[in-house]
Structures are given as structure tokens and as C-alpha cells.
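Chemist: My structure file query23.cif, mmCIF, C-alpha atoms, is below:
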data_protein
#
loop_
_atom_site.group_PDB
_atom_site.id
_atom_site.type_symbol
_atom_site.label_atom_id
_atom_site.label_comp_id
_atom_site.auth_asym_id
_atom_site.auth_seq_id
_atom_site.Cartn_x
_atom_site.Cartn_y
_atom_site.Cartn_z
ATOM 1 C CA MET A 8 -4.034 -16.454 -8.462
ATOM 2 C CA ALA A 9 -7.137 -18.591 -8.570
ATOM 3 C CA GLY A 10 -6.412 -22.138 -9.655
ATOM 4 C CA GLY A 11 -2.908 -22.248 -8.188
ATOM 5 C CA VAL A 12 -1.447 -19.494 -10.377
ATOM 6 C CA THR A 13 0.999 -17.296 -8.460
ATOM 7 C CA ALA A 14 0.956 -13.549 -9.016
ATOM 8 C CA LEU A 15 3.222 -10.772 -7.840
ATOM 9 C CA GLY A 16 1.563 -7.727 -6.385
ATOM 10 C CA MET A 17 2.208 -4.552 -4.451
ATOM 11 C CA LEU A 18 0.580 -3.491 -1.194
ATOM 12 C CA GLY A 19 0.695 -0.066 0.417
ATOM 13 C CA LEU A 20 0.938 0.089 4.211
ATOM 14 C CA GLY A 21 0.209 3.109 6.386
ATOM 15 C CA SER A 22 -0.252 4.039 10.046
ATOM 16 C CA ASN A 23 -0.546 7.299 11.946
ATOM 17 C CA LEU A 24 -1.611 6.181 15.434
ATOM 18 C CA GLY A 25 0.449 4.630 18.222
ATOM 19 C CA ASP A 26 3.705 2.852 17.382
ATOM 20 C CA ARG A 27 3.427 3.322 13.641
ATOM 21 C CA ARG A 28 6.421 1.166 12.666
ATOM 22 C CA ALA A 29 5.294 -1.669 14.948
ATOM 23 C CA HIS A 30 1.885 -1.595 13.267
ATOM 24 C CA LEU A 31 3.423 -1.799 9.788
ATOM 25 C CA GLN A 32 5.678 -4.650 10.903
ATOM 26 C CA ALA A 33 2.727 -6.488 12.504
ATOM 27 C CA ALA A 34 0.860 -6.257 9.182
ATOM 28 C CA VAL A 35 3.844 -7.703 7.288
ATOM 29 C CA ASP A 36 4.121 -10.493 9.850
ATOM 30 C CA ALA A 37 0.389 -11.297 9.668
ATOM 31 C CA LEU A 38 0.149 -11.423 5.870
ATOM 32 C CA GLY A 39 1.906 -14.801 5.738
ATOM 33 C CA GLN A 40 -0.870 -16.348 7.805
ATOM 34 C CA HIS A 41 -3.324 -15.298 5.094
ATOM 35 C CA GLY A 42 -1.663 -16.859 2.052
ATOM 36 C CA VAL A 43 0.358 -13.766 1.173
ATOM 37 C CA ARG A 44 4.150 -14.062 0.987
ATOM 38 C CA VAL A 45 5.996 -10.763 1.440
ATOM 39 C CA LEU A 46 9.093 -10.737 -0.778
ATOM 40 C CA ARG A 47 10.590 -7.346 0.068
ATOM 41 C CA SER A 48 9.803 -3.989 1.639
ATOM 42 C CA SER A 49 10.620 -0.404 0.808
ATOM 43 C CA HIS A 50 12.079 1.914 3.414
ATOM 44 C CA THR A 51 9.500 3.545 5.659
ATOM 45 C CA TYR A 52 8.519 7.137 4.943
ATOM 46 C CA ASP A 53 7.013 9.940 7.015
ATOM 47 C CA THR A 54 4.225 11.498 4.982
ATOM 48 C CA GLU A 55 1.828 14.335 5.518
ATOM 49 C CA PRO A 56 -1.887 13.524 5.561
ATOM 50 C CA VAL A 57 -3.741 13.966 2.269
ATOM 51 C CA GLY A 58 -7.402 13.672 1.425
ATOM 52 C CA LEU A 59 -10.425 14.838 3.352
ATOM 53 C CA ILE A 60 -8.915 15.186 6.866
ATOM 54 C CA LEU A 61 -5.628 17.091 7.027
ATOM 55 C CA ASP A 62 -5.627 17.856 10.770
ATOM 56 C CA GLN A 63 -4.169 14.554 12.005
ATOM 57 C CA PRO A 64 -0.725 13.057 12.786
ATOM 58 C CA GLU A 65 1.767 12.264 10.027
ATOM 59 C CA PHE A 66 1.631 8.806 8.515
ATOM 60 C CA LEU A 67 4.370 6.237 8.292
ATOM 61 C CA ASN A 68 4.095 4.508 4.922
ATOM 62 C CA ALA A 69 5.831 1.677 3.104
ATOM 63 C CA CYS A 70 5.155 -0.595 0.146
ATOM 64 C CA VAL A 71 5.751 -4.324 0.017
ATOM 65 C CA GLU A 72 6.066 -6.656 -2.918
ATOM 66 C CA ILE A 73 4.020 -9.814 -2.423
ATOM 67 C CA GLU A 74 3.407 -13.193 -4.004
ATOM 68 C CA THR A 75 0.045 -14.949 -3.731
ATOM 69 C CA GLU A 76 -2.259 -17.425 -5.399
ATOM 70 C CA GLN A 77 -5.284 -15.399 -4.293
ATOM 71 C CA GLY A 78 -7.500 -13.550 -6.700
ATOM 72 C CA PRO A 79 -8.268 -9.861 -6.153
ATOM 73 C CA GLU A 80 -11.358 -10.241 -3.941
ATOM 74 C CA GLU A 81 -9.767 -12.921 -1.759
ATOM 75 C CA LEU A 82 -6.599 -10.834 -1.434
ATOM 76 C CA LEU A 83 -8.677 -7.803 -0.440
ATOM 77 C CA ASP A 84 -10.355 -9.954 2.220
ATOM 78 C CA SER A 85 -6.901 -10.964 3.486
ATOM 79 C CA CYS A 86 -5.799 -7.319 3.664
ATOM 80 C CA LYS A 87 -8.940 -6.402 5.623
ATOM 81 C CA ALA A 88 -8.426 -9.356 7.995
ATOM 82 C CA VAL A 89 -4.851 -8.230 8.664
ATOM 83 C CA GLU A 90 -6.056 -4.686 9.377
ATOM 84 C CA GLY A 91 -8.468 -6.062 11.977
ATOM 85 C CA GLU A 92 -5.804 -8.263 13.558
ATOM 86 C CA VAL A 93 -3.406 -5.323 13.876
ATOM 87 C CA GLY A 94 -6.093 -3.230 15.575
ATOM 88 C CA ARG A 95 -8.001 -1.210 13.013
ATOM 89 C CA ALA A 96 -11.601 -0.787 14.014
ATOM 90 C CA ALA A 97 -14.239 -1.037 11.295
ATOM 91 C CA GLY A 98 -15.783 2.217 10.143
ATOM 92 C CA GLY A 99 -14.339 5.609 10.939
ATOM 93 C CA PRO A 100 -14.058 8.613 8.648
ATOM 94 C CA ARG A 101 -12.623 8.185 5.163
ATOM 95 C CA HIS A 102 -8.964 9.326 5.128
ATOM 96 C CA GLY A 103 -9.081 9.675 8.929
ATOM 97 C CA PRO A 104 -6.501 8.592 11.514
ATOM 98 C CA ARG A 105 -5.888 4.839 11.660
ATOM 99 C CA VAL A 106 -3.747 2.224 13.339
ATOM 100 C CA ILE A 107 -3.135 0.426 10.034
ATOM 101 C CA ASP A 108 -4.100 0.607 6.404
ATOM 102 C CA VAL A 109 -3.277 -2.243 4.003
ATOM 103 C CA ASP A 110 -4.116 -1.241 0.427
ATOM 104 C CA LEU A 111 -4.000 -3.544 -2.570
ATOM 105 C CA LEU A 112 -2.252 -1.403 -5.201
ATOM 106 C CA LEU A 113 -1.331 -3.778 -8.031
ATOM 107 C CA LEU A 114 -1.750 -7.483 -8.714
ATOM 108 C CA GLY A 115 0.377 -8.591 -11.633
ATOM 109 C CA GLY A 116 -0.806 -6.869 -14.774
ATOM 110 C CA LEU A 117 -4.433 -7.302 -13.781
ATOM 111 C CA GLU A 118 -7.043 -4.664 -14.481
ATOM 112 C CA TYR A 119 -10.075 -5.375 -12.305
ATOM 113 C CA SER A 120 -13.158 -3.557 -11.093
ATOM 114 C CA SER A 121 -15.897 -4.493 -8.640
ATOM 115 C CA PRO A 122 -18.028 -2.547 -6.175
ATOM 116 C CA ARG A 123 -15.302 -3.149 -3.526
ATOM 117 C CA LEU A 124 -12.079 -2.900 -5.482
ATOM 118 C CA ARG A 125 -10.362 -1.377 -8.470
ATOM 119 C CA LEU A 126 -7.002 -2.548 -9.800
ATOM 120 C CA PRO A 127 -4.699 -0.852 -10.285
ATOM 121 C CA HIS A 128 -5.703 1.135 -7.178
ATOM 122 C CA GLU A 129 -7.426 4.266 -8.419
ATOM 123 C CA GLN A 130 -4.984 6.588 -6.596
ATOM 124 C CA VAL A 131 -1.736 4.710 -7.250
ATOM 125 C CA SER A 132 -0.503 7.282 -9.771
ATOM 126 C CA THR A 133 -1.591 10.419 -7.867
ATOM 127 C CA ARG A 134 -0.211 9.888 -4.368
ATOM 128 C CA ARG A 135 3.458 10.624 -3.665
ATOM 129 C CA PHE A 136 3.311 8.531 -0.450
ATOM 130 C CA VAL A 137 2.500 5.522 -2.668
ATOM 131 C CA LEU A 138 4.718 6.310 -5.651
ATOM 132 C CA VAL A 139 7.962 6.967 -3.760
ATOM 133 C CA PRO A 140 8.090 3.586 -1.961
ATOM 134 C CA LEU A 141 6.696 1.737 -5.000
ATOM 135 C CA LEU A 142 9.382 3.149 -7.259
ATOM 136 C CA GLU A 143 12.042 2.360 -4.667
ATOM 137 C CA LEU A 144 11.078 -1.304 -5.100
ATOM 138 C CA GLU A 145 10.618 -1.178 -8.874
ATOM 139 C CA PRO A 146 12.001 2.005 -10.558
ATOM 140 C CA ASP A 147 10.622 1.076 -14.009
ATOM 141 C CA LEU A 148 7.174 0.030 -12.774
ATOM 142 C CA ARG A 149 4.356 0.501 -15.262
ATOM 143 C CA LEU A 150 0.603 0.263 -14.952
ATOM 144 C CA PRO A 151 -1.107 -2.426 -17.068
ATOM 145 C CA GLY A 152 -1.897 0.231 -19.697
ATOM 146 C CA GLY A 153 1.818 1.045 -20.054
ATOM 147 C CA GLU A 154 1.941 4.268 -18.009
ATOM 148 C CA LEU A 155 5.365 4.654 -16.395
ATOM 149 C CA LEU A 156 4.826 5.462 -12.721
ATOM 150 C CA ALA A 157 8.055 7.500 -12.609
ATOM 151 C CA ASP A 158 6.328 9.906 -15.028
ATOM 152 C CA SER A 159 3.349 10.102 -12.656
ATOM 153 C CA LEU A 160 5.668 10.991 -9.787
ATOM 154 C CA ALA A 161 7.425 13.678 -11.835
ATOM 155 C CA ALA A 162 4.044 15.189 -12.756
ATOM 156 C CA LEU A 163 3.188 15.708 -9.078
ATOM 157 C CA GLY A 164 5.872 18.381 -8.727
ATOM 158 C CA GLY A 165 6.533 19.434 -5.126
ATOM 159 C CA ALA A 166 3.152 18.481 -3.692
ATOM 160 C CA GLN A 167 2.913 16.044 -0.774
ATOM 161 C CA GLN A 168 5.901 15.820 1.566
ATOM 162 C CA VAL A 169 7.533 12.337 1.767
ATOM 163 C CA THR A 170 10.702 11.799 3.842
ATOM 164 C CA VAL A 171 12.679 8.615 4.542
ATOM 165 C CA ALA A 172 11.985 7.650 8.168
ATOM 166 C CA GLY A 173 13.672 4.287 8.586
ATOM 167 C CA PRO A 174 14.937 1.046 7.071
ATOM 168 C CA PRO A 175 12.781 -1.486 5.241
ATOM 169 C CA LEU A 176 10.450 -3.635 7.320
ATOM 170 C CA ALA A 177 11.727 -7.082 8.295
ATOM 171 C CA ILE A 178 10.616 -9.926 6.015
#
Using C-alpha cells, write down the structure that the file contains.

Modeler:
Amino acid sequence: MAGGVTALGMLGLGSNLGDRRAHLQAAVDALGQHGVRVLRSSHTYDTEPVGLILDQPEFLNACVEIETEQGPEELLDSCKAVEGEVGRAAGGPRHGPRVIDVDLLLLGGLEYSSPRLRLPHEQVSTRRFVLVPLLELEPDLRLPGGELLADSLAALGGAQQVTVAGPPLAI
């Protein structure tokens, strides 16, 4: 992170407009130009919309493990820059349709809070479309406080449909 220290992190990717897989792949490809090295990707998953707007197309989601020297705010800026480069327009309704979403989920064991960002991501343990690909990459993944994310997934029961759609994104 800051000062040349490298940290591993996890990003969540999502798209529900246009060529969804191409948008996810474009985000992976663009991250390297922003000081973010993608180490590996989960499979892609078709997921039903959740949140405030349910009447919209299904999402294609994946998680990627990354390595970076960036701190949380700089990494968030990189994620937002990649979203813009892939075609996401600023604004729009919260939880609405989008070309690309690049969410910073975890950054090492860091707990962090600012007006723009909370780490771990505040919904990482409550969203099946995040937990399934995350746990594919790291089955024993824990939050900084020790919470096993597999337990979070089990607690969700049958809510939120998540189905394997395709192979991992190219690294």
C-alpha cells in the first residue's frame, strides 16, 4: 500500500447492460494501467438484481484477487477511473442498470472508513452475488474481525439466485 507496501485485495465486478462479459473483461484489462495487478478471477455468474431497483436485466458478476501498492482511497479512485473507461456514466440511480461496476471489497486485513469508502465493503457478507465468487477464490476467507464468510453465505439460505455463467475472466 502506501510507501511501497504491497497488499492483496478483492474486487467485485458486475455488469447488466450490453455485452456483459466484454465489460467485465475490459475492466480486468484496464486495472493494470492503474497500478492494480489482477492475480486471478472467479468464474462469471448470472445473478438477479437486488437492492432498490429489481425491474432490470440480470447481472453478470465475478470477483478478482488483486495486488497493489495503493492505499484505499487511491485504489477507489482507480476503480472509478476504470468504470469510466469501460463506459459507465457518472450518476444514475443507486442499484440501477450499469455497464460496469468495480467495487473494492477487501484490501488485506484493513478496516477503513471514510465518507467515500468502508472496508471491508459494508455489503460483502450479505450479498450472495459477492460471496459465491469470493469464496470460489478463497473458501476460508475471513473478514478482519474473524468472521468466516462461508458462514455468512450459509446464513443467507436460498435468497438471491446465483448461477455459473462462464469461465474465469482472462488475466

Chemist: Ranking A:Ala157, A:Thr13, A:Glu129, A:Gln40 by minimum distance to A:Leu144 and counting all atoms listed in the file, which one comes first?

Modeler: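 Using all atoms listed in the file, the shortest distance to A:Leu144 belongs to A:Ala157.
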
Chemist: Evaluated on this file, the PyMOL selection byres ((chain A and resi 60-62) around 9) picks out some residues - which ones are they, written as a list in words?

Modeler: Glu55, Pro56, Val57, Gly58, Leu59, Gln63, Pro64, Pro100, Arg101, His102, Gly103 and Pro104 of chain A

Chemist: Write the residues you've just listed into a file as a JSON list (two decimals), keeping the file's coordinate frame, and include C-alpha atoms for each of them.

Modeler:
[["chain", "number", "residue", "atom", "x", "y", "z"],
["A", 55, "GLU", "CA", 1.83, 14.34, 5.52],
["A", 56, "PRO", "CA", -1.89, 13.52, 5.56],
["A", 57, "VAL", "CA", -3.74, 13.97, 2.27],
["A", 58, "GLY", "CA", -7.40, 13.67, 1.42],
["A", 59, "LEU", "CA", -10.42, 14.84, 3.35],
["A", 63, "GLN", "CA", -4.17, 14.55, 12.00],
["A", 64, "PRO", "CA", -0.72, 13.06, 12.79],
["A", 100, "PRO", "CA", -14.06, 8.61, 8.65],
["A", 101, "ARG", "CA", -12.62, 8.18, 5.16],
["A", 102, "HIS", "CA", -8.96, 9.33, 5.13],
["A", 103, "GLY", "CA", -9.08, 9.68, 8.93],
["A", 104, "PRO", "CA", -6.50, 8.59, 11.51]]

Chemist: What's the separation between atom CA of A:Leu163 and atom CA of A:Leu142, in Å to one decimal place?

Modeler: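 Interatomic distance here is 14.1 Å.
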
Chemist: Restricting the calculation to only C-alpha atoms: of A:Glu145, A:Leu24, A:Leu155, A:Gly19, which residue gets closest to A:Gln130?

Modeler: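 For A:Gln130, the nearest of the given residues is A:Gly19.
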
Chemist: From the options A:Ala34, A:Asn68, A:Arg47, A:Leu160, which residue's atoms come nearest to A:Gly21, counting all atoms listed in the file?

Modeler: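 Of all the options, A:Asn68 lies closest to A:Gly21.
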
Chemist: Given the choices A:Ala162, A:Val171, A:Val106, A:Met17, which gets closest to A:Leu82 if the distance is worked out from all atoms listed in the file?

Modeler: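 Of the candidates, the smallest distance to A:Leu82 is held by A:Met17.
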
Chemist: Mind pulling up the distance from atom CA of A:Asn23 to atom CA of A:Gly98?

Modeler: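 The value is 16.2 Å.
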
Chemist: Just say which residues the PyMOL selection byres ((chain A and resi 28) around 9) picks in this file, as a ChimeraX atom specification.

Modeler: /A:22,25-27,29-33,51,67-68,173,176

Chemist: Please evaluate the PyMOL selection byres ((chain A and resi 113) around 10) against the structure above and give the resulting residues as number ranges by chain.

Modeler: A: 15-19, 72-73, 79, 110-112, 114-119, 125-128, 131, 150-151

Chemist: Looking at all atoms listed in the file, which of A:Leu138, A:Leu148, A:Leu124, A:Ala37 is the one that sits closest to A:Gln168?

Modeler: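 Result for the nearest residue to A:Gln168: A:Leu138.
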
Chemist: Mind listing whatever residues come within 10 Å of the point (-7.2, -2.8, 11.8)? Use all atoms listed in the file, file coordinates, and give them as a list in words.

Modeler: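 Residues lying no farther than 10 Å from the given point: Ser22, His30, Ala34, Cys86, Lys87, Ala88, Val89, Glu90, Gly91, Glu92, Val93, Gly94, Arg95, Ala96, Ala97, Arg105, Val106, Ile107, Asp108 and Val109 of chain A.
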
Chemist: Do you have the atom CA of A:Phe66-atom CA of A:Ser120 distance handy?

Modeler: 27.5 Å

Chemist: A:Arg134, A:Ala177, A:Gly152, A:Asp147: which is nearest A:Val45, counting only C-alpha atoms?

Modeler: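 Answer, going by the shortest atom-to-atom distance: A:Ala177.
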